[in-house]
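For reference, query-v9.tsv (TSV, C-alpha atoms):
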chain	number	residue	atom	x	y	z
A	109	MET	CA	-13.32	-0.11	-17.89
A	110	PHE	CA	-10.15	-1.74	-19.03
A	111	ALA	CA	-7.52	-1.65	-16.29
A	112	LEU	CA	-5.01	-2.44	-19.04
A	113	THR	CA	-5.47	0.99	-20.63
A	114	ARG	CA	-4.92	2.59	-17.26
A	115	THR	CA	-1.78	0.55	-16.70
A	116	LEU	CA	-0.52	1.87	-20.06
A	117	ARG	CA	-1.51	5.41	-18.95
A	118	LEU	CA	-3.78	6.00	-21.92
A	119	SER	CA	-6.41	8.73	-21.89
A	120	HIS	CA	-10.00	8.12	-20.90
A	121	GLY	CA	-11.03	8.76	-24.50
A	122	ALA	CA	-8.74	5.99	-25.72
A	123	GLU	CA	-10.16	3.73	-23.02
A	124	HIS	CA	-13.78	4.34	-24.05
A	125	ASN	CA	-13.10	4.17	-27.78
A	126	GLY	CA	-11.04	1.01	-27.47
A	127	LEU	CA	-13.71	-0.63	-25.38
A	128	SER	CA	-16.40	0.29	-27.91
A	129	ILE	CA	-14.36	-1.12	-30.79
A	130	VAL	CA	-13.85	-4.38	-28.93
A	131	TYR	CA	-17.57	-4.65	-28.17
A	132	VAL	CA	-18.58	-4.02	-31.79
A	133	ALA	CA	-15.95	-6.38	-33.19
A	134	MET	CA	-16.88	-9.21	-30.85
A	135	THR	CA	-20.58	-8.67	-31.50
A	136	ALA	CA	-19.93	-8.92	-35.23
A	137	CYS	CA	-18.03	-12.18	-34.68
A	138	VAL	CA	-20.96	-13.61	-32.77
A	139	LEU	CA	-23.48	-12.52	-35.41
A	140	THR	CA	-21.50	-14.27	-38.17
A	141	ARG	CA	-22.77	-17.51	-36.68
A	142	LEU	CA	-26.31	-16.39	-37.48
A	143	VAL	CA	-26.11	-14.11	-40.55
A	144	PRO	CA	-23.63	-13.47	-43.41
A	145	TRP	CA	-20.52	-11.53	-42.54
A	146	TRP	CA	-21.62	-8.33	-44.31
A	147	ALA	CA	-24.90	-8.37	-42.40
A	148	ALA	CA	-23.05	-8.99	-39.15
A	149	ILE	CA	-20.94	-5.87	-39.72
A	150	LEU	CA	-24.05	-3.78	-40.35
A	151	LEU	CA	-26.01	-5.18	-37.42
A	152	ALA	CA	-23.20	-5.14	-34.83
A	153	PRO	CA	-23.43	-1.40	-33.92
A	154	VAL	CA	-27.20	-1.74	-33.47
A	155	ALA	CA	-26.92	-4.93	-31.45
A	156	VAL	CA	-24.43	-3.29	-29.07
A	157	GLN	CA	-26.94	-0.55	-28.28
A	158	ILE	CA	-29.73	-2.95	-27.28
A	159	PRO	CA	-28.35	-3.82	-23.79
A	160	MET	CA	-27.75	-0.11	-23.15
A	161	TYR	CA	-31.36	0.77	-23.95
A	162	VAL	CA	-32.63	-2.10	-21.82
A	163	MET	CA	-30.50	-1.06	-18.86
A	164	GLY	CA	-31.45	2.59	-19.25
A	165	LEU	CA	-35.19	2.01	-19.56
A	166	LEU	CA	-35.81	-0.87	-17.18
A	167	VAL	CA	-33.01	-1.05	-14.62
A	168	LEU	CA	-31.10	2.16	-14.00
A	169	PRO	CA	-32.63	5.31	-12.44
A	170	LEU	CA	-32.83	8.22	-14.83
A	171	TRP	CA	-30.39	10.29	-12.78
A	172	ARG	CA	-27.63	7.69	-12.73
A	173	ASN	CA	-24.68	7.59	-15.12
A	174	ASN	CA	-25.05	4.17	-16.74
A	175	LEU	CA	-21.70	4.03	-18.56
A	176	THR	CA	-20.03	1.76	-16.00
A	177	VAL	CA	-23.04	-0.51	-15.58
A	178	ASN	CA	-23.53	-0.82	-19.33
A	179	SER	CA	-19.88	-1.70	-19.77
A	180	ARG	CA	-20.17	-4.47	-17.20
A	181	VAL	CA	-23.33	-5.85	-18.81
A	182	LEU	CA	-21.75	-5.83	-22.27
A	183	MET	CA	-18.60	-7.47	-20.91
A	184	ALA	CA	-20.68	-10.22	-19.31
A	185	LEU	CA	-22.54	-10.79	-22.59
A	186	MET	CA	-19.25	-10.93	-24.50
A	187	ILE	CA	-17.80	-13.49	-22.10
A	188	ALA	CA	-20.91	-15.63	-22.43
A	189	ALA	CA	-20.76	-15.35	-26.22
A	190	CYS	CA	-17.07	-16.35	-26.26
A	191	LEU	CA	-17.81	-19.40	-24.14
A	192	TRP	CA	-20.51	-20.32	-26.66
A	193	LEU	CA	-18.37	-19.71	-29.77
A	194	ARG	CA	-15.26	-21.58	-28.58
A	195	THR	CA	-13.08	-20.26	-31.41
A	196	TRP	CA	-9.54	-18.92	-31.20
A	197	PRO	CA	-10.64	-15.24	-31.34
A	198	ALA	CA	-13.06	-15.99	-28.52
A	199	TYR	CA	-10.31	-17.59	-26.43
A	200	ALA	CA	-8.04	-14.63	-27.21
A	201	PHE	CA	-10.71	-12.26	-25.93
A	202	LEU	CA	-11.13	-14.30	-22.75
A	203	ALA	CA	-7.37	-14.17	-22.23
A	204	LEU	CA	-7.50	-10.38	-22.62
A	205	VAL	CA	-10.30	-10.21	-20.07
A	206	GLY	CA	-8.22	-12.28	-17.66
A	207	LEU	CA	-5.18	-10.02	-18.08
A	208	ASN	CA	-7.40	-7.00	-17.55
A	209	ALA	CA	-8.75	-8.47	-14.32
A	210	ILE	CA	-5.25	-9.16	-13.03
A	211	ALA	CA	-4.15	-5.62	-13.88
A	212	ALA	CA	-7.13	-4.25	-11.93
A	213	LEU	CA	-6.26	-6.18	-8.78
A	214	THR	CA	-4.18	-4.80	-5.97
A	215	MET	CA	-1.75	-7.20	-4.36
A	216	ARG	CA	-3.95	-7.28	-1.27
A	217	ARG	CA	-7.02	-8.34	-3.26
A	218	PHE	CA	-4.99	-10.90	-5.15
A	219	LEU	CA	-3.68	-12.49	-1.95
A	220	LEU	CA	-7.09	-12.60	-0.29
A	221	GLY	CA	-8.78	-13.82	-3.47
A	222	PHE	CA	-6.15	-16.50	-3.96
A	223	ALA	CA	-6.68	-17.69	-0.37
A	224	ALA	CA	-10.44	-17.75	-0.94
A	225	VAL	CA	-10.33	-19.92	-4.08
A	226	ALA	CA	-7.43	-22.13	-2.98
A	227	PRO	CA	-9.74	-24.64	-1.22
A	228	LEU	CA	-11.42	-25.29	-4.57
A	229	PHE	CA	-8.10	-26.57	-5.90
A	230	ALA	CA	-7.80	-28.85	-2.89
A	231	ILE	CA	-11.25	-30.27	-3.58
A	232	ALA	CA	-10.70	-30.67	-7.32
A	233	TYR	CA	-7.14	-32.03	-7.19
A	234	TRP	CA	-6.92	-33.83	-3.85
A	235	PRO	CA	-4.39	-34.27	-2.30
A	236	ALA	CA	-2.03	-32.29	-4.59
A	237	GLY	CA	-4.34	-29.27	-4.30
A	238	LEU	CA	-3.36	-28.93	-0.66
A	239	GLY	CA	-0.10	-27.42	-1.88
A	240	VAL	CA	-2.06	-24.51	-3.40
A	241	VAL	CA	-3.84	-23.93	-0.08
A	242	VAL	CA	-0.53	-23.94	1.81
A	243	LEU	CA	1.04	-21.55	-0.70
A	244	SER	CA	-1.87	-19.10	-0.48
A	245	HIS	CA	-1.60	-18.97	3.30
A	246	LEU	CA	2.19	-18.69	3.30
A	247	LEU	CA	1.96	-15.61	1.08
A	248	ILE	CA	-0.42	-13.93	3.54
A	249	VAL	CA	1.75	-14.95	6.51
A	250	TYR	CA	4.82	-13.41	4.88
A	251	ALA	CA	2.95	-10.20	4.02
A	252	THR	CA	1.74	-10.01	7.63
A	253	LEU	CA	4.96	-10.75	9.49
A	254	ALA	CA	7.64	-9.21	7.25
A	255	PRO	CA	8.23	-5.60	8.34
A	256	ASN	CA	7.70	-3.01	5.60
A	257	CYS	CA	6.24	-5.55	3.15
A	258	GLN	CA	3.90	-3.64	0.82
A	259	TRP	CA	1.72	-6.56	-0.27
A	260	LEU	CA	-1.25	-5.79	1.99
A	261	GLY	CA	-1.03	-2.04	1.50
A	262	PRO	CA	1.34	0.94	1.49
A	263	VAL	CA	3.96	1.25	4.22
A	264	ILE	CA	6.00	4.47	4.45
A	265	THR	CA	9.69	3.56	4.55
A	266	CYS	CA	11.46	6.79	3.51
A	267	PHE	CA	10.81	10.39	2.50
A	268	GLU	CA	11.76	12.57	-0.44
A	269	THR	CA	14.58	15.04	0.18
A	270	GLU	CA	17.34	16.85	-1.64
A	271	LYS	CA	19.20	17.50	1.60
A	272	ASN	CA	21.09	15.33	4.06
A	273	GLU	CA	18.09	14.70	6.29
A	274	VAL	CA	16.79	11.71	8.22
A	275	TRP	CA	13.69	11.07	10.34
A	276	LEU	CA	14.32	9.61	13.79
A	277	THR	CA	11.38	7.68	15.27
A	278	ILE	CA	11.28	6.34	18.83
A	279	ASP	CA	8.95	3.50	19.82
A	280	ASP	CA	7.34	2.02	22.92
A	281	GLY	CA	6.78	5.12	25.05
A	282	PRO	CA	5.69	6.85	27.09
A	283	ALA	CA	8.33	5.90	29.63
A	284	ALA	CA	10.29	7.38	32.51
A	285	ASP	CA	13.01	8.58	30.13
A	286	THR	CA	10.66	10.47	27.76
A	287	GLU	CA	11.33	13.93	29.17
A	288	ALA	CA	15.08	13.29	29.34
A	289	ILE	CA	15.11	12.23	25.68
A	290	LYS	CA	13.13	15.33	24.68
A	291	ALA	CA	15.55	17.54	26.59
A	292	MET	CA	18.52	15.88	24.91
A	293	LEU	CA	16.97	16.37	21.45
A	294	GLU	CA	16.20	20.01	22.15
A	295	LYS	CA	19.72	20.61	23.40
A	296	ARG	CA	21.16	19.12	20.22
A	297	GLY	CA	18.71	20.89	17.91
A	298	ALA	CA	17.23	17.61	16.67
A	299	LYS	CA	13.69	16.46	15.96
A	300	ALA	CA	12.11	13.06	16.51
A	301	THR	CA	8.67	11.48	16.49
A	302	PHE	CA	7.60	9.37	19.43
A	303	PHE	CA	5.36	6.41	18.59
A	304	GLU	CA	3.69	5.80	21.93
A	305	LEU	CA	1.34	3.19	23.33
A	306	GLY	CA	-2.15	4.52	23.75
A	307	LYS	CA	-1.68	6.95	20.86
A	308	ASN	CA	0.02	6.06	17.57
A	309	HIS	CA	1.70	2.72	18.35
A	310	SER	CA	-1.48	0.77	19.21
A	311	MET	CA	-3.31	1.00	22.50
A	312	THR	CA	-1.95	-2.15	24.19
A	313	HIS	CA	0.83	-3.37	21.84
A	314	PRO	CA	-0.64	-6.86	21.22
A	315	SER	CA	2.41	-8.10	19.28
A	316	ALA	CA	1.56	-11.78	19.81
A	317	THR	CA	-1.99	-11.52	18.48
A	318	TRP	CA	-1.90	-8.54	16.10
A	319	TRP	CA	-1.75	-10.72	13.00
A	320	PHE	CA	-5.17	-12.33	13.52
A	321	LEU	CA	-7.19	-9.59	15.25
A	322	GLY	CA	-10.55	-8.74	13.71
A	323	PRO	CA	-11.64	-5.35	12.34
A	324	ARG	CA	-13.41	-4.24	15.53
A	325	ARG	CA	-10.45	-4.92	17.83
A	326	LEU	CA	-8.01	-3.43	15.32
A	327	GLY	CA	-10.13	-0.29	15.10
A	328	GLU	CA	-9.83	0.11	18.85
A	329	GLU	CA	-6.07	-0.51	18.80
A	330	ILE	CA	-5.24	1.81	15.90
A	331	GLY	CA	-6.78	5.00	17.28
A	332	HIS	CA	-7.06	8.21	15.25
A	333	GLU	CA	-3.61	9.81	15.19
A	334	ARG	CA	-1.95	11.29	12.12
A	335	TRP	CA	0.55	8.44	11.73
A	336	PHE	CA	0.47	4.88	12.97
A	337	ARG	CA	3.16	2.28	13.57
A	338	ALA	CA	2.03	-1.31	14.09
A	339	PRO	CA	3.56	-3.49	16.81
A	340	VAL	CA	6.83	-4.98	15.53
A	341	GLY	CA	5.92	-3.62	12.09
A	342	MET	CA	3.35	-6.36	11.51
A	343	LYS	CA	0.32	-6.02	9.23
A	344	ASN	CA	-3.10	-7.59	9.07
A	345	PRO	CA	-5.53	-7.82	6.11
A	346	PHE	CA	-7.88	-5.44	7.95
A	347	VAL	CA	-5.33	-2.77	8.91
A	348	HIS	CA	-5.13	-0.77	5.70
A	349	PRO	CA	-8.89	-0.41	5.15
A	350	ILE	CA	-9.16	1.04	8.66
A	351	LEU	CA	-6.25	3.43	8.05
A	352	ALA	CA	-7.72	4.54	4.72
A	353	LYS	CA	-11.08	5.40	6.32
A	354	ARG	CA	-9.33	7.46	9.00
A	355	ASP	CA	-6.92	9.19	6.59
A	356	MET	CA	-3.90	7.76	8.41
A	357	ARG	CA	-0.50	6.58	7.19
A	358	LEU	CA	1.29	3.39	8.24
A	359	ILE	CA	4.89	4.31	9.08
A	360	GLY	CA	7.63	1.72	8.75
A	361	TRP	CA	11.36	2.29	8.59
A	362	SER	CA	14.41	1.97	6.36
A	363	VAL	CA	17.04	1.75	9.13
A	364	ARG	CA	16.46	-0.46	12.16
A	365	GLY	CA	18.78	0.11	15.10
A	366	LEU	CA	17.93	-3.22	16.76
A	367	ASP	CA	18.77	-1.54	20.05
A	368	THR	CA	16.53	-3.99	21.91
A	369	ILE	CA	18.97	-6.84	21.22
A	370	GLY	CA	22.20	-4.98	21.99
A	371	GLY	CA	25.38	-4.78	19.96
A	372	ASP	CA	26.88	-1.72	18.30
A	373	VAL	CA	23.70	0.22	17.54
A	374	VAL	CA	25.54	3.30	16.26
A	375	ALA	CA	27.56	1.30	13.73
A	376	ARG	CA	24.44	-0.56	12.65
A	377	VAL	CA	22.58	2.69	11.98
A	378	MET	CA	25.44	4.55	10.28
A	379	ARG	CA	26.13	1.60	8.00
A	380	ARG	CA	22.67	1.81	6.41
A	381	VAL	CA	21.66	5.44	6.77
A	382	LYS	CA	21.02	7.52	3.65
A	383	PRO	CA	19.28	10.84	3.04
A	384	GLY	CA	15.55	10.37	3.45
A	385	ALA	CA	15.91	7.37	5.77
A	386	ILE	CA	13.46	6.61	8.58
A	387	ILE	CA	15.33	5.33	11.65
A	388	VAL	CA	13.64	3.39	14.42
A	389	LEU	CA	14.96	3.20	18.00
A	390	HIS	CA	13.27	2.39	21.32
A	391	GLN	CA	12.86	4.01	24.71
A	392	GLY	CA	12.00	2.72	28.17
A	393	ARG	CA	15.07	0.52	28.63
A	394	PRO	CA	17.99	1.16	31.04
A	395	SER	CA	20.34	2.42	28.33
A	396	SER	CA	17.79	3.92	25.90
A	397	LEU	CA	18.72	7.54	26.59
A	398	GLN	CA	22.43	6.92	26.13
A	399	THR	CA	21.88	4.84	22.99
A	400	ILE	CA	19.63	7.42	21.36
A	401	GLU	CA	22.04	10.22	22.25
A	402	ARG	CA	25.00	8.36	20.72
A	403	VAL	CA	23.02	7.74	17.52
A	404	VAL	CA	21.98	11.41	17.30
A	405	GLU	CA	25.58	12.51	17.88
A	406	ALA	CA	26.85	10.17	15.16
A	407	LEU	CA	24.20	11.29	12.68
A	408	GLN	CA	24.90	14.97	13.25
A	409	GLY	CA	28.62	14.32	13.14
A	410	GLY	CA	28.08	12.71	9.74
A	411	GLY	CA	26.33	15.83	8.48
A	412	TYR	CA	22.73	14.68	8.82
A	413	ALA	CA	19.91	16.89	10.05
A	414	LEU	CA	17.20	15.17	12.08
A	415	VAL	CA	13.87	16.43	10.77
A	416	ILE	CA	10.20	15.46	10.65
A	417	PRO	CA	8.98	15.40	7.01
A	418	ASP	CA	5.53	16.56	6.01
A	419	ASP	CA	3.06	14.10	4.51
A	420	ALA	CA	3.70	15.23	0.92
A	421	ARG	CA	7.27	13.92	1.10
A	422	LEU	CA	6.52	10.50	2.55
A	423	ARG	CA	7.29	7.61	0.21
A	424	GLU	CA	6.77	3.86	0.19
A	425	ARG	CA	9.96	3.16	-1.74
A	426	ARG	CA	13.13	5.06	-2.37
A	427	ARG	CA	13.27	6.57	-5.84
A	428	PRO	CA	16.36	5.93	-8.00
A	429	ARG	CA	17.70	9.47	-7.89
A	430	ARG	CA	19.10	10.18	-4.46
A	431	LEU	CA	22.04	11.92	-2.81
A	432	ALA	CA	23.05	8.71	-1.05
A	433	TRP	CA	26.56	8.60	-2.51
A	434	ARG	CA	27.42	12.24	-1.94
A	435	ARG	CA	29.35	13.18	1.19
A	436	PRO	CA	26.87	14.70	3.65
A	437	ALA	CA	27.16	18.43	4.16
A	438	ALA	CA	26.79	20.28	7.43
A	439	PRO	CA	23.20	20.40	8.70
A	440	PRO	CA	21.39	23.64	7.85
A	441	ALA	CA	20.89	26.09	10.65
A	442	SER	CA	17.14	26.16	10.05
A	443	GLU	CA	16.75	22.58	11.29
A	444	THR	CA	17.51	23.30	14.94
A	445	LEU	CA	14.08	23.04	16.51
A	446	ALA	CA	13.00	20.21	18.77
A	447	SER	CA	9.27	20.56	18.18
A	448	GLN	CA	7.20	19.15	15.34
A	449	PRO	CA	5.54	21.54	12.87
A	450	PRO	CA	1.74	21.55	13.05
A	451	GLY	CA	-0.04	18.89	10.95
A	452	ARG	CA	-3.51	17.60	10.39
A	453	ARG	CA	-3.37	15.72	13.69
A	454	ARG	CA	-1.02	15.89	16.61
A	455	SER	CA	1.86	13.42	16.68
A	456	PRO	CA	4.02	13.25	19.84
A	457	THR	CA	7.42	14.82	19.29
A	458	GLY	CA	10.48	15.64	21.25

Using C-alpha cells, write down the structure that the file contains.
Amino acid sequence: MFALTRTLRLSHGAEHNGLSIVYVAMTACVLTRLVPWWAAILLAPVAVQIPMYVMGLLVLPLWRNNLTVNSRVLMALMIAACLWLRTWPAYAFLALVGLNAIAALTMRRFLLGFAAVAPLFAIAYWPAGLGVVVLSHLLIVYATLAPNCQWLGPVITCFETEKNEVWLTIDDGPAADTEAIKAMLEKRGAKATFFELGKNHSMTHPSATWWFLGPRRLGEEIGHERWFRAPVGMKNPFVHPILAKRDMRLIGWSVRGLDTIGGDVVARVMRRVKPGAIIVLHQGRPSSLQTIERVVEALQGGGYALVIPDDARLRERRRPRRLAWRRPAAPPASETLASQPPGRRRSPTG
C-alpha cells in the first residue's frame, strides 16, 4: 500500500481507491502502445484483474488475504512497464514510487540500507564513491554514540505532565550507598528509579564495546526488565529489535547532571530542568549520596515533585505545549511516597 497516503493520514478506503485508479491509469497508458486509446481505456480494468486471478488461482492459498500480495505484483508489473515505456508519465510514476518507498522507511532502515548500498557507489565511481561509504558509516556512528539520538529507534527523553513533576533516575548501582540513598528519598518524600547493573542497565556495562556487540550478546546484556538504559546512553542497530520483542522501553534523559566529572551539579540540573524532565545522576562514588541529596533538595525547593511516570505518559520528544515557563507550584501532598507503583515488570526504586 502507498505509505504516502498514510503519511497524509488518509483513510484506508482512499488508499485502496487511489491505488486502483493508479493501476488502471498506468495499465491504459501501457496498452496505448498496442491498441487505440479508446480500446486501451476499455481493456485496462480487465487487464488489471488478470494478475489477481493468476495469483489467486495458482500461487496464494485459498484462505489467505491476497490484497497485499496482489498490490505488490501489480506494482512490480507497473514498474517494469514504466521502464519499458520510457515516457515522461512513466518517469513521473517511478518518481512517485520512489517517494512512496522513502516515506515507508524508518530512519533505522534508511541508515542500514544506505550503508548496505554505499559500497556499490564506491565500485561504480571509484575513488569519489568512497565519500558515500564514509558518509553512510558516519551517520550510523553518530546515531550509535550520540545519547538520546532517535535515528535507530525511539528513546524516552521526557514524560507528559500538567504538573511540576520530574523523574529522577540513578545509574550504576547497586552500590554501598544504595540503602542510604533510598532512606534519604523516603525521608524527603521523593521517588527515583535505580538503573542497576545486572538488571536494567545491562549485565556487565560494556561501555567500550556496546556499539558493535552482536544480537546474541546484546540479548544477554539487556535482560527482561520493564525499562532499560544502555551504557552511556549508546545505541546499536540490534538494540531496538530486541527491546521491541521483549516489550521494553529504552530510557534516556533530558537533564544530565554530569556528576561523574564534578563541578556544580545542582546548578547544572536546575538550569535545564522543566516539568516532565528525566534527570540522570549516578551512585557508587564517594560523594554520590551528598550530591543526589542536594539535587533533590534543590528540586523540591523549586516546587518540583519527584515522581515515577507510568508508561502511558512516556514520550520521545517534548511536545510544544508545556508548563515550562510557569513558576513551579508547591509539590502536591499525594506525591510523598518513596516506592514505585506496580507496573508490568519490577523496576528497582528507592

Show me the residues close to (1.0, -12.3, 4.2) - anything with an atom within 10 Å, counting only C-alpha atoms - and format the list as a list of chain:residue names.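 Nearby residues: A:Arg216, A:Leu219, A:Leu220, A:Ser244, A:His245, A:Leu246, A:Leu247, A:Ile248, A:Val249, A:Tyr250, A:Ala251, A:Thr252, A:Leu253, A:Ala254, A:Cys257, A:Gln258, A:Trp259, A:Leu260, A:Trp319, A:Met342, A:Lys343, A:Asn344, A:Pro345.
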
With only C-alpha atoms as the atoms that count, which of A:Val374, A:Leu293, A:Ile330, A:Leu358 lies nearest to Leu414 of chain A?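 Closest to Leu414 of chain A of all the choices is A:Leu293.
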
Coordinates-based distance that separates atom CA of Ser395 of chain A from atom CA of Val263 of chain A (Å, one decimal): 29.2 Å

So how far away is atom CA of Met356 of chain A from atom CA of Gly384 of chain A, in Å?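 Between atom CA of Gly384 of chain A and atom CA of Met356 of chain A the gap is 20.2 Å.
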
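Distances from A:Ile387, A:Met183, A:Val132, A:Leu193 to Val205 of chain A were compared using all atoms listed in the file, and the smallest one belongs to A:Met183.
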
Which residue, A:Leu228, A:Val377, A:Ile129, A:Val240, has the smallest gap to Ala152 of chain A when you use only C-alpha atoms? A:Ile129

With a distance cut-off of 9 Å and all atoms listed in the file, select the neighbouring residues of segment 368-371 of chain A, excluding the residue or stretch itself and same-chain residues fewer than 2 positions from it, and output the selection as a ChimeraX atom specification. /A:365-366,373-376,389-390,393,396

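The smallest atom-to-atom distance between Leu351 of chain A and any of A:Gln408, A:Gln391, A:Ser128, A:Asn308, using only C-alpha atoms, is found for A:Asn308.
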
d(atom CA of Val225 of chain A, atom CA of Pro323 of chain A) in Å: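 Those two atoms sit 22.0 Å apart.
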
Could you check the closest approach to Met215 of chain A for each of A:Met134, A:Gly261, A:Pro255, A:Ala236 and tell me which residue wins, using only C-alpha atoms?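 Once distances to Met215 of chain A are computed over only C-alpha atoms, the minimum belongs to A:Gly261.
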
Considering only C-alpha atoms, return as a list in words whatever protein or nucleic-acid residues lie within 12 Å of Glu405 of chain A, sequence-local ones (same chain, fewer than 4 positions apart) excluded.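 My reading of the contact set: Met292, Leu293, Lys295, Arg296, Gly297, Ala298, Val374, Val377, Met378, Gln398, Thr399, Ile400, Glu401, Gly409, Gly410, Gly411, Tyr412, Ala413 and Leu414 of chain A.
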
So that I have them on file, write out the residues from the current selection with C-alpha atoms, as a CSV table (one decimal), in the coordinates of the input.
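Dumped to result_32.csv:
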chain,number,residue,atom,x,y,z
A,292,MET,CA,18.5,15.9,24.9
A,293,LEU,CA,17.0,16.4,21.4
A,295,LYS,CA,19.7,20.6,23.4
A,296,ARG,CA,21.2,19.1,20.2
A,297,GLY,CA,18.7,20.9,17.9
A,298,ALA,CA,17.2,17.6,16.7
A,374,VAL,CA,25.5,3.3,16.3
A,377,VAL,CA,22.6,2.7,12.0
A,378,MET,CA,25.4,4.6,10.3
A,398,GLN,CA,22.4,6.9,26.1
A,399,THR,CA,21.9,4.8,23.0
A,400,ILE,CA,19.6,7.4,21.4
A,401,GLU,CA,22.0,10.2,22.2
A,409,GLY,CA,28.6,14.3,13.1
A,410,GLY,CA,28.1,12.7,9.7
A,411,GLY,CA,26.3,15.8,8.5
A,412,TYR,CA,22.7,14.7,8.8
A,413,ALA,CA,19.9,16.9,10.0
A,414,LEU,CA,17.2,15.2,12.1
